[in-house]
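Asker: Data: work.txt, compact mmCIF, C-alpha atoms.
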# COMPACT_ATOMS: atom_id res chain seq x y z
CA MET U 1 20.36 137.12 -119.02
CA THR U 2 21.10 133.74 -120.53
CA THR U 3 23.11 133.36 -123.71
CA SER U 4 20.09 132.35 -125.79
CA ALA U 5 16.35 131.87 -125.64
CA THR U 6 14.47 128.90 -127.01
CA ASP U 7 10.79 128.06 -127.27
CA THR U 8 9.44 126.60 -124.05
CA HIS U 9 7.22 124.10 -125.91
CA GLY U 10 9.82 121.72 -127.27
CA ASP U 11 10.96 123.82 -130.24
CA ASP U 12 14.74 124.11 -129.95
CA ARG U 13 15.11 126.91 -132.50
CA LEU U 14 16.67 130.11 -131.20
CA LEU U 15 14.11 132.84 -130.64
CA VAL U 16 15.00 136.20 -132.17
CA LEU U 17 13.31 139.59 -132.10
CA PRO U 18 13.49 141.73 -135.27
CA PHE U 19 13.53 145.54 -135.14
CA TYR U 20 13.13 147.79 -138.15
CA ILE U 21 14.08 151.47 -138.25
CA VAL U 22 12.08 153.34 -140.91
CA VAL U 23 13.29 156.88 -141.66
CA ASP U 24 11.75 159.69 -143.68
CA VAL U 25 14.51 160.98 -145.97
CA SER U 26 12.53 163.74 -147.69
CA LEU U 27 14.45 166.91 -148.50
CA SER U 28 13.11 168.76 -145.45
CA MET U 29 15.11 166.39 -143.23
CA SER U 30 18.32 168.05 -144.44
CA VAL U 31 17.47 171.53 -143.08
CA PRO U 32 18.68 172.32 -139.52
CA GLN U 33 15.87 173.64 -137.31
CA GLY U 34 16.86 175.14 -133.99
CA GLY U 35 20.39 173.75 -133.92
CA ASP U 36 23.51 173.10 -135.96
CA LYS U 37 22.56 169.53 -136.82
CA SER U 38 19.88 168.51 -139.32
CA ALA U 39 17.34 165.76 -138.69
CA ILE U 40 19.00 163.51 -141.26
CA GLN U 41 22.36 163.91 -139.53
CA ALA U 42 20.75 162.85 -136.27
CA ALA U 43 19.01 159.94 -138.03
CA ASN U 44 22.40 158.77 -139.27
CA GLU U 45 23.51 158.39 -135.66
CA ILE U 46 20.70 155.95 -134.81
CA LEU U 47 22.19 152.83 -136.38
CA PRO U 48 25.69 153.35 -134.89
CA THR U 49 24.18 154.05 -131.45
CA VAL U 50 21.99 150.96 -131.46
CA ILE U 51 24.64 148.70 -133.01
CA ASP U 52 27.25 149.82 -130.46
CA GLY U 53 24.79 149.12 -127.64
CA ILE U 54 24.00 145.65 -128.95
CA GLU U 55 27.64 144.78 -129.59
CA ALA U 56 28.49 145.73 -126.01
CA SER U 57 26.43 142.74 -124.84
CA PRO U 58 26.94 139.46 -126.72
CA THR U 59 23.63 138.16 -125.40
CA LEU U 60 21.78 141.02 -127.14
CA GLY U 61 23.45 140.07 -130.40
CA ASP U 62 22.13 136.53 -130.01
CA VAL U 63 18.52 137.69 -129.76
CA VAL U 64 18.17 140.96 -131.72
CA ARG U 65 18.03 141.37 -135.49
CA LEU U 66 18.07 144.87 -136.97
CA GLY U 67 16.98 146.25 -140.33
CA ALA U 68 16.47 149.72 -141.79
CA VAL U 69 14.30 151.21 -144.53
CA ASP U 70 14.11 154.77 -145.81
CA PHE U 71 11.31 156.48 -147.69
CA SER U 72 10.67 159.58 -149.77
CA ASP U 73 8.82 159.35 -153.12
CA ASP U 74 9.71 155.67 -152.95
CA ALA U 75 11.07 153.37 -150.24
CA ARG U 76 14.38 151.52 -150.19
CA VAL U 77 16.12 148.96 -148.03
CA VAL U 78 19.07 150.58 -146.27
CA LEU U 79 20.00 147.60 -144.10
CA ARG U 80 18.63 144.14 -144.71
CA LEU U 81 17.54 142.52 -141.45
CA ASP U 82 20.63 140.93 -139.91
CA ASP U 83 22.68 140.17 -136.85
CA VAL U 84 24.32 143.55 -136.23
CA ARG U 85 27.63 141.83 -135.62
CA ASN U 86 27.66 141.20 -139.37
CA VAL U 87 27.09 144.86 -140.32
CA ASN U 88 30.20 146.53 -141.72
CA PRO U 89 30.22 149.27 -142.85
CA ILE U 90 27.17 150.85 -141.24
CA PRO U 91 24.97 152.31 -144.02
CA GLN U 92 23.82 155.93 -144.19
CA PHE U 93 20.46 157.56 -144.86
CA THR U 94 20.53 160.05 -147.76
CA VAL U 95 17.86 162.68 -148.45
CA ARG U 96 15.79 162.75 -151.61
CA GLY U 97 12.27 163.59 -152.78
CA ALA U 98 8.99 163.84 -150.92
CA THR U 99 7.19 161.79 -148.21
CA SER U 100 5.31 158.63 -149.19
CA TYR U 101 4.05 156.70 -146.19
CA ALA U 102 2.35 154.23 -148.55
CA ALA U 103 5.69 153.34 -150.16
CA ALA U 104 7.19 152.72 -146.71
CA PHE U 105 4.32 150.48 -145.58
CA ARG U 106 4.32 148.48 -148.82
CA LEU U 107 8.06 147.86 -148.73
CA LEU U 108 7.91 146.92 -145.06
CA ARG U 109 5.37 144.20 -145.76
CA GLN U 110 7.52 142.81 -148.57
CA GLU U 111 10.72 142.89 -146.56
CA ILE U 112 9.18 141.37 -143.45
CA GLU U 113 7.96 138.42 -145.50
CA LYS U 114 11.38 137.96 -147.13
CA ASP U 115 13.30 138.36 -143.89
CA TYR U 116 11.16 135.93 -141.92
CA ALA U 117 11.46 133.34 -144.67
CA GLN U 118 15.24 133.71 -144.39
CA LEU U 119 15.10 133.40 -140.60
CA ARG U 120 13.07 130.20 -140.87
CA GLY U 121 15.54 128.85 -143.41
CA ASP U 122 18.34 129.58 -140.94
CA ASN U 123 16.47 127.67 -138.22
CA TYR U 124 15.36 130.68 -136.20
CA LYS U 125 11.94 131.35 -134.75
CA ALA U 126 11.05 135.04 -134.68
CA TYR U 127 8.61 137.18 -132.77
CA ARG U 128 6.48 139.69 -134.61
CA PRO U 129 8.71 142.67 -135.48
CA ALA U 130 8.83 146.13 -133.96
CA VAL U 131 8.97 149.12 -136.32
CA PHE U 132 10.22 152.55 -135.25
CA PHE U 133 8.82 154.91 -137.89
CA ILE U 134 10.43 158.39 -137.93
CA THR U 135 9.03 161.27 -139.99
CA ASP U 136 9.30 165.07 -140.01
CA GLY U 137 5.99 165.98 -141.59
CA GLU U 138 2.72 165.17 -143.30
CA PRO U 139 2.75 162.59 -146.10
CA THR U 140 2.61 163.82 -149.67
CA ASP U 141 0.79 160.81 -151.11
CA ASP U 142 -2.94 160.12 -151.35
CA GLN U 143 -4.66 159.24 -148.07
CA ALA U 144 -6.50 156.31 -149.64
CA ASP U 145 -3.19 154.84 -150.84
CA ILE U 146 -1.68 155.15 -147.36
CA VAL U 147 -4.71 153.54 -145.71
CA ALA U 148 -4.64 150.64 -148.17
CA ALA U 149 -0.91 150.03 -147.61
CA TYR U 150 -1.27 150.34 -143.82
CA ASN U 151 -4.24 147.95 -143.78
CA ASP U 152 -2.25 145.42 -145.80
CA LEU U 153 0.72 145.70 -143.41
CA THR U 154 -1.43 145.33 -140.28
CA ASP U 155 -4.04 142.89 -141.61
CA PRO U 156 -4.95 140.49 -138.76
CA SER U 157 -4.53 137.60 -141.21
CA PHE U 158 -0.90 138.63 -141.71
CA LYS U 159 0.80 136.72 -138.91
CA LEU U 160 3.93 138.87 -139.15
CA ARG U 161 2.13 142.21 -138.79
CA PRO U 162 4.46 144.51 -136.85
CA ASN U 163 4.21 146.58 -133.74
CA LEU U 164 4.28 150.03 -135.34
CA ILE U 165 5.46 153.04 -133.32
CA PRO U 166 5.53 156.40 -135.17
CA PHE U 167 7.80 159.25 -134.05
CA GLY U 168 7.06 162.71 -135.41
CA VAL U 169 9.46 165.65 -135.52
CA GLY U 170 9.23 168.96 -137.38
CA THR U 171 5.67 169.54 -138.60
CA ALA U 172 4.37 166.01 -137.98
CA THR U 173 1.23 166.03 -135.82
CA LYS U 174 -0.23 163.69 -133.22
CA ASP U 175 -3.54 163.42 -135.08
CA GLN U 176 -1.75 162.39 -138.26
CA LEU U 177 0.54 159.83 -136.65
CA ASP U 178 -2.05 158.22 -134.39
CA GLN U 179 -3.65 156.80 -137.54
CA TRP U 180 -0.59 154.65 -138.17
CA VAL U 181 -0.04 153.16 -134.71
CA TYR U 182 -0.43 149.39 -134.41
CA PRO U 183 -1.83 147.75 -132.34
CA LYS U 184 -4.21 150.56 -131.51
CA GLU U 185 -5.68 151.67 -128.20
CA GLY U 186 -8.08 149.05 -126.89
CA SER U 187 -5.90 146.15 -127.98
CA LYS U 188 -4.34 143.78 -125.47
CA LYS U 189 -0.93 145.41 -125.89
CA PRO U 190 -1.40 148.78 -127.66
CA MET U 191 1.41 150.87 -129.04
CA ARG U 192 1.39 154.68 -129.31
CA SER U 193 2.81 157.56 -131.30
CA TYR U 194 5.27 160.17 -130.08
CA VAL U 195 5.36 163.73 -131.36
CA MET U 196 8.00 166.36 -130.66
CA ARG U 197 6.63 169.36 -128.80
CA ASP U 198 6.46 172.73 -130.57
CA GLY U 199 9.79 174.54 -130.55
CA ALA U 200 11.96 171.51 -129.86
CA ASP U 201 14.98 170.78 -132.05
CA PRO U 202 14.17 167.86 -134.40
CA ALA U 203 17.78 166.64 -134.37
CA LYS U 204 17.85 166.44 -130.57
CA ALA U 205 14.45 164.73 -130.59
CA ILE U 206 15.70 162.07 -133.01
CA THR U 207 18.70 161.47 -130.76
CA LYS U 208 16.20 160.61 -128.04
CA VAL U 209 14.49 158.14 -130.40
CA ALA U 210 17.79 156.25 -130.63
CA GLU U 211 17.91 156.04 -126.84
CA ILE U 212 14.32 154.76 -126.63
CA LEU U 213 15.03 152.22 -129.35
CA LEU U 214 18.10 150.90 -127.56
CA SER U 215 16.35 150.71 -124.19
CA SER U 216 13.45 148.88 -125.87
CA VAL U 217 15.91 146.44 -127.47
CA ILE U 218 17.42 145.69 -124.06
CA ALA U 219 14.02 145.33 -122.34
CA SER U 220 12.71 143.11 -125.14
CA ALA U 221 15.78 140.88 -125.09
CA GLN U 222 15.37 140.52 -121.33
CA SER U 223 11.74 139.50 -121.87
CA VAL U 224 12.75 136.89 -124.44
CA SER U 225 15.48 135.52 -122.18
CA GLU U 226 13.25 135.24 -119.14
CA GLN U 227 9.95 134.18 -120.73
CA GLY U 228 10.89 132.41 -123.96
CA SER U 229 7.99 132.30 -126.40
CA ALA U 230 5.77 134.11 -123.88
CA GLY U 231 8.04 137.15 -124.04
CA GLY U 232 8.47 139.61 -126.88
CA PHE U 233 8.67 143.26 -127.72
CA VAL U 234 8.70 145.74 -124.83
CA LEU U 235 8.41 149.46 -125.55
CA ASP U 236 10.58 151.17 -122.94
CA ASP U 237 9.94 154.93 -122.89
CA GLU U 238 10.63 155.61 -119.22
CA ASP U 239 13.43 158.01 -120.09
CA LEU U 240 11.31 160.07 -122.48
CA ASP U 241 11.81 163.75 -121.76
CA SER U 242 9.57 166.82 -122.03
CA ASP U 243 10.42 167.35 -125.71
CA TRP U 244 7.88 164.63 -126.59
CA ASN U 245 4.08 164.37 -126.36
Could you take the file, read its structure, and then write that structure out as structure tokens?
Answerer:
Amino acid sequence: MTTSATDTHGDDRLLVLPFYIVVDVSLSMSVPQGGDKSAIQAANEILPTVIDGIEASPTLGDVVRLGAVDFSDDARVVLRLDDVRNVNPIPQFTVRGATSYAAAFRLLRQEIEKDYAQLRGDNYKAYRPAVFFITDGEPTDDQADIVAAYNDLTDPSFKLRPNLIPFGVGTATKDQLDQWVYPKEGSKKPMRSYVMRDGADPAKAITKVAEILLSSVIASAQSVSEQGSAGGFVLDDEDLDSDWN
């Protein structure tokens, strides 16, 4: 891997690939299910795991930008999109309230626009972002509100619309989460949802999400390094185990 990637069409700006981790912090995430660790405790290991992996390779730090959002009744920025080498201390997710997918989608759209404006101001060129969306159950807000917020986030006219990959633990279902995948099946490069199998420990399942995220970061950075502007996000789930459907 080279130390940086630039556009192959005469644009000398450094190409970067933003990742967002979006975590459900509703109160149910604080209850251990099947093990000693709760889902929120496992979620709080994601950022350290990914940051450690990126810091172990300086070339990853050149290409990857990482941000985090949480959501319950509302949504909040936990980590503004940044070079992880600038992150100290690493923030924590804290449980509160219910489960509003609409709030998460609305805040994501706002933050993506802000973050990309900042990247452009800093002379970076960024690929469309990848969003790892982790939830432990059904949303508690109105379906019409969720659909409207999702449609706004993934509107084809929105050039920064993200690759959206939902991960469901606890009582989250495949049918529910498939609605929020983007791009959908039939697209040139579709994403998919992942749902923990019945009886699996949500905390252990979330630990696996961190591994998939880190492997996807590495694969995506390799794509950027080798292909320049023709590269981009690569979802690497080869190590997914039988706890996921």
Asker: What gap, in Å, lies between CA of Arg106 (chain U) and CA of Glu185 (chain U)?
Answerer: 23.1 Å
Asker: Using only C-alpha atoms, which of the listed residues (U:Ala130, U:Val22, U:Ile206, U:Val31) sits closest to Gly232 (chain U)?
Answerer: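 Between U:Ala130, U:Val22, U:Ile206, U:Val31, the residue approaching Gly232 (chain U) most closely is U:Ala130.
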Asker: Between U:Ser38, U:Ser26, U:Lys189, U:Asn123, which has the minimum distance to Asp12 (chain U) (counting only C-alpha atoms)?
Answerer: U:Asn123
Asker: May I ask which of the residues U:Leu60, U:Ala126, U:Ala148, U:Leu108 is the closest one to Arg13 (chain U), counting only C-alpha atoms?
Answerer: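 Under the stated criterion, the closest residue is U:Ala126.
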Asker: Work out how far apart CA of Gln118 (chain U) and CA of Arg80 (chain U) are and give it in Å to one decimal.
Answerer: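 A separation of 11.0 Å between them.
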Asker: Find, counting only C-alpha atoms, the residue in U:Ser57, U:Gln92, U:Gln41, U:Ser28 that gets nearest to Gln222 (chain U).
Answerer: U:Ser57
Asker: Which polymer residues have any atom within 10 Å of an atom of Met29 (chain U), counting all atoms listed in the file, with same-chain residues fewer than 4 positions away left out, as a ChimeraX atom specification?
Answerer: /U:23-25,33,38-43,94-96,135-137,169-170,202-203
Asker: Compile the contact shell of Lys208 (chain U) as a ChimeraX atom specification: residues with an atom at most 12 Å away, counting only C-alpha atoms, same-chain residues fewer than 4 positions apart removed.
Answerer: /U:39,42-43,45-46,49-50,134,167-169,194-196,200-204,212-215,237-244
Asker: Between CA of Ala117 (chain U) and CA of Gly228 (chain U), what is the distance, to one decimal in Å?
Answerer: 20.7 Å
Asker: Ranking U:Leu47, U:Val16, U:Val217, U:Ile54 by minimum distance to Lys125 (chain U) and counting all atoms listed in the file, which one comes first?
Answerer: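 The answer is U:Val16, which sits nearest to Lys125 (chain U).
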Asker: Using only C-alpha atoms, pick whichever of U:Phe71, U:Tyr182, U:Tyr150, U:Phe233 has the shortest atom-to-atom distance to Leu164 (chain U).
Answerer: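 Using only C-alpha atoms, the shortest distance to Leu164 (chain U) belongs to U:Tyr182.
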Asker: If I put a ball of radius 9 Å at (15.1, 138.0, -143.1) in the file's coordinates, which residues poke into it when counting all atoms listed in the file, written as a list in words?
Answerer: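 Residues close enough to count: Pro18, Arg65, Gly67, Arg80, Leu81, Asp82, Glu111, Ile112, Glu113, Lys114, Asp115, Tyr116, Ala117, Gln118, Leu119 and Arg120 of chain U.
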Asker: Would you list the contacts of Arg76 (chain U) as a list in words, taking every protein, DNA or RNA residue within 10 Å and counting only C-alpha atoms, but skipping same-chain residues closer than 3 positions in sequence?
Answerer: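 So the residues in contact are Val22, Ala68, Val69, Asp70, Phe71, Ser72, Leu79, Ala103, Ala104, Leu107 and Leu108 of chain U.
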Asker: Name the residues in contact with Ala149 (chain U) at a cut-off of 12 Å, using all atoms listed in the file, excluding same-chain residues fewer than 5 positions from it; report them as a list in words.
Answerer: Ser100, Tyr101, Ala102, Ala103, Ala104, Phe105, Arg106, Leu107, Leu108, Arg109, Gln110, Asp141, Asp142, Gln143, Ala144, Thr154, Asp155 and Trp180 of chain U
Asker: How would region 123-149 of chain U read, as a PDB file, in the frame of the given file, once N, CA, C and O atoms are built in?
Answerer:
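Output file result.pdb is given in full below:
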ATOM      1  N   ASN U 123      16.867 128.385-139.430  1.00  0.00           N
ATOM      2  CA  ASN U 123      16.470 127.670-138.220  1.00  0.00           C
ATOM      3  C   ASN U 123      16.271 128.583-137.012  1.00  0.00           C
ATOM      4  O   ASN U 123      16.558 128.216-135.871  1.00  0.00           O
ATOM      5  N   TYR U 124      15.761 129.780-137.277  1.00  0.00           N
ATOM      6  CA  TYR U 124      15.360 130.680-136.200  1.00  0.00           C
ATOM      7  C   TYR U 124      13.847 130.750-136.133  1.00  0.00           C
ATOM      8  O   TYR U 124      13.146 130.586-137.144  1.00  0.00           O
ATOM      9  N   LYS U 125      13.350 131.040-134.953  1.00  0.00           N
ATOM     10  CA  LYS U 125      11.940 131.350-134.750  1.00  0.00           C
ATOM     11  C   LYS U 125      11.867 132.802-134.293  1.00  0.00           C
ATOM     12  O   LYS U 125      12.575 133.194-133.354  1.00  0.00           O
ATOM     13  N   ALA U 126      11.041 133.605-134.944  1.00  0.00           N
ATOM     14  CA  ALA U 126      11.050 135.040-134.680  1.00  0.00           C
ATOM     15  C   ALA U 126       9.710 135.533-134.153  1.00  0.00           C
ATOM     16  O   ALA U 126       8.641 135.088-134.578  1.00  0.00           O
ATOM     17  N   TYR U 127       9.779 136.459-133.213  1.00  0.00           N
ATOM     18  CA  TYR U 127       8.610 137.180-132.770  1.00  0.00           C
ATOM     19  C   TYR U 127       8.142 138.134-133.863  1.00  0.00           C
ATOM     20  O   TYR U 127       8.883 138.422-134.796  1.00  0.00           O
ATOM     21  N   ARG U 128       6.928 138.630-133.714  1.00  0.00           N
ATOM     22  CA  ARG U 128       6.480 139.690-134.610  1.00  0.00           C
ATOM     23  C   ARG U 128       7.421 140.889-134.449  1.00  0.00           C
ATOM     24  O   ARG U 128       7.875 141.199-133.351  1.00  0.00           O
ATOM     25  N   PRO U 129       7.717 141.593-135.544  1.00  0.00           N
ATOM     26  CA  PRO U 129       8.710 142.670-135.480  1.00  0.00           C
ATOM     27  C   PRO U 129       8.185 143.940-134.834  1.00  0.00           C
ATOM     28  O   PRO U 129       6.972 144.155-134.708  1.00  0.00           O
ATOM     29  N   ALA U 130       9.122 144.782-134.438  1.00  0.00           N
ATOM     30  CA  ALA U 130       8.830 146.130-133.960  1.00  0.00           C
ATOM     31  C   ALA U 130       9.388 147.127-134.968  1.00  0.00           C
ATOM     32  O   ALA U 130      10.523 146.983-135.418  1.00  0.00           O
ATOM     33  N   VAL U 131       8.575 148.113-135.333  1.00  0.00           N
ATOM     34  CA  VAL U 131       8.970 149.120-136.320  1.00  0.00           C
ATOM     35  C   VAL U 131       8.959 150.497-135.673  1.00  0.00           C
ATOM     36  O   VAL U 131       7.923 150.945-135.161  1.00  0.00           O
ATOM     37  N   PHE U 132      10.103 151.162-135.688  1.00  0.00           N
ATOM     38  CA  PHE U 132      10.220 152.550-135.250  1.00  0.00           C
ATOM     39  C   PHE U 132      10.189 153.420-136.510  1.00  0.00           C
ATOM     40  O   PHE U 132      11.129 153.389-137.307  1.00  0.00           O
ATOM     41  N   PHE U 133       9.111 154.162-136.665  1.00  0.00           N
ATOM     42  CA  PHE U 133       8.820 154.910-137.890  1.00  0.00           C
ATOM     43  C   PHE U 133       9.022 156.403-137.620  1.00  0.00           C
ATOM     44  O   PHE U 133       8.284 156.999-136.835  1.00  0.00           O
ATOM     45  N   ILE U 134      10.029 157.008-138.239  1.00  0.00           N
ATOM     46  CA  ILE U 134      10.430 158.390-137.930  1.00  0.00           C
ATOM     47  C   ILE U 134      10.137 159.289-139.126  1.00  0.00           C
ATOM     48  O   ILE U 134      10.607 159.034-140.241  1.00  0.00           O
ATOM     49  N   THR U 135       9.368 160.360-138.908  1.00  0.00           N
ATOM     50  CA  THR U 135       9.030 161.270-139.990  1.00  0.00           C
ATOM     51  C   THR U 135       9.030 162.717-139.487  1.00  0.00           C
ATOM     52  O   THR U 135       8.805 162.970-138.301  1.00  0.00           O
ATOM     53  N   ASP U 136       9.263 163.657-140.410  1.00  0.00           N
ATOM     54  CA  ASP U 136       9.300 165.070-140.010  1.00  0.00           C
ATOM     55  C   ASP U 136       8.129 165.864-140.556  1.00  0.00           C
ATOM     56  O   ASP U 136       8.143 167.096-140.507  1.00  0.00           O
ATOM     57  N   GLY U 137       7.102 165.199-141.082  1.00  0.00           N
ATOM     58  CA  GLY U 137       5.990 165.980-141.590  1.00  0.00           C
ATOM     59  C   GLY U 137       4.860 165.143-142.137  1.00  0.00           C
ATOM     60  O   GLY U 137       4.863 163.906-142.059  1.00  0.00           O
ATOM     61  N   GLU U 138       3.886 165.822-142.705  1.00  0.00           N
ATOM     62  CA  GLU U 138       2.720 165.170-143.300  1.00  0.00           C
ATOM     63  C   GLU U 138       3.131 164.412-144.556  1.00  0.00           C
ATOM     64  O   GLU U 138       4.046 164.829-145.270  1.00  0.00           O
ATOM     65  N   PRO U 139       2.462 163.312-144.853  1.00  0.00           N
ATOM     66  CA  PRO U 139       2.750 162.590-146.100  1.00  0.00           C
ATOM     67  C   PRO U 139       2.307 163.387-147.314  1.00  0.00           C
ATOM     68  O   PRO U 139       1.393 164.213-147.231  1.00  0.00           O
ATOM     69  N   THR U 140       2.938 163.120-148.429  1.00  0.00           N
ATOM     70  CA  THR U 140       2.610 163.820-149.670  1.00  0.00           C
ATOM     71  C   THR U 140       1.824 162.923-150.628  1.00  0.00           C
ATOM     72  O   THR U 140       1.475 163.362-151.729  1.00  0.00           O
ATOM     73  N   ASP U 141       1.554 161.691-150.231  1.00  0.00           N
ATOM     74  CA  ASP U 141       0.790 160.810-151.110  1.00  0.00           C
ATOM     75  C   ASP U 141      -0.684 160.790-150.716  1.00  0.00           C
ATOM     76  O   ASP U 141      -1.092 161.365-149.701  1.00  0.00           O
ATOM     77  N   ASP U 142      -1.494 160.144-151.526  1.00  0.00           N
ATOM     78  CA  ASP U 142      -2.940 160.120-151.350  1.00  0.00           C
ATOM     79  C   ASP U 142      -3.324 159.332-150.092  1.00  0.00           C
ATOM     80  O   ASP U 142      -2.805 158.242-149.854  1.00  0.00           O
ATOM     81  N   GLN U 143      -4.244 159.884-149.312  1.00  0.00           N
ATOM     82  CA  GLN U 143      -4.660 159.240-148.070  1.00  0.00           C
ATOM     83  C   GLN U 143      -5.187 157.827-148.301  1.00  0.00           C
ATOM     84  O   GLN U 143      -4.887 156.903-147.526  1.00  0.00           O
ATOM     85  N   ALA U 144      -5.946 157.643-149.366  1.00  0.00           N
ATOM     86  CA  ALA U 144      -6.500 156.310-149.640  1.00  0.00           C
ATOM     87  C   ALA U 144      -5.392 155.300-149.906  1.00  0.00           C
ATOM     88  O   ALA U 144      -5.491 154.129-149.498  1.00  0.00           O
ATOM     89  N   ASP U 145      -4.318 155.731-150.572  1.00  0.00           N
ATOM     90  CA  ASP U 145      -3.190 154.840-150.840  1.00  0.00           C
ATOM     91  C   ASP U 145      -2.488 154.448-149.531  1.00  0.00           C
ATOM     92  O   ASP U 145      -2.083 153.303-149.344  1.00  0.00           O
ATOM     93  N   ILE U 146      -2.334 155.436-148.636  1.00  0.00           N
ATOM     94  CA  ILE U 146      -1.680 155.150-147.360  1.00  0.00           C
ATOM     95  C   ILE U 146      -2.516 154.170-146.546  1.00  0.00           C
ATOM     96  O   ILE U 146      -1.996 153.198-145.988  1.00  0.00           O
ATOM     97  N   VAL U 147      -3.817 154.419-146.480  1.00  0.00           N
ATOM     98  CA  VAL U 147      -4.710 153.540-145.710  1.00  0.00           C
ATOM     99  C   VAL U 147      -4.658 152.113-146.251  1.00  0.00           C
ATOM    100  O   VAL U 147      -4.574 151.145-145.488  1.00  0.00           O
ATOM    101  N   ALA U 148      -4.684 151.975-147.573  1.00  0.00           N
ATOM    102  CA  ALA U 148      -4.640 150.640-148.170  1.00  0.00           C
ATOM    103  C   ALA U 148      -3.335 149.922-147.831  1.00  0.00           C
ATOM    104  O   ALA U 148      -3.334 148.729-147.482  1.00  0.00           O
ATOM    105  N   ALA U 149      -2.206 150.638-147.912  1.00  0.00           N
ATOM    106  CA  ALA U 149      -0.910 150.030-147.610  1.00  0.00           C
ATOM    107  C   ALA U 149      -0.794 149.689-146.129  1.00  0.00           C
ATOM    108  O   ALA U 149      -0.263 148.625-145.754  1.00  0.00           O
TER     109      ALA U 149
END
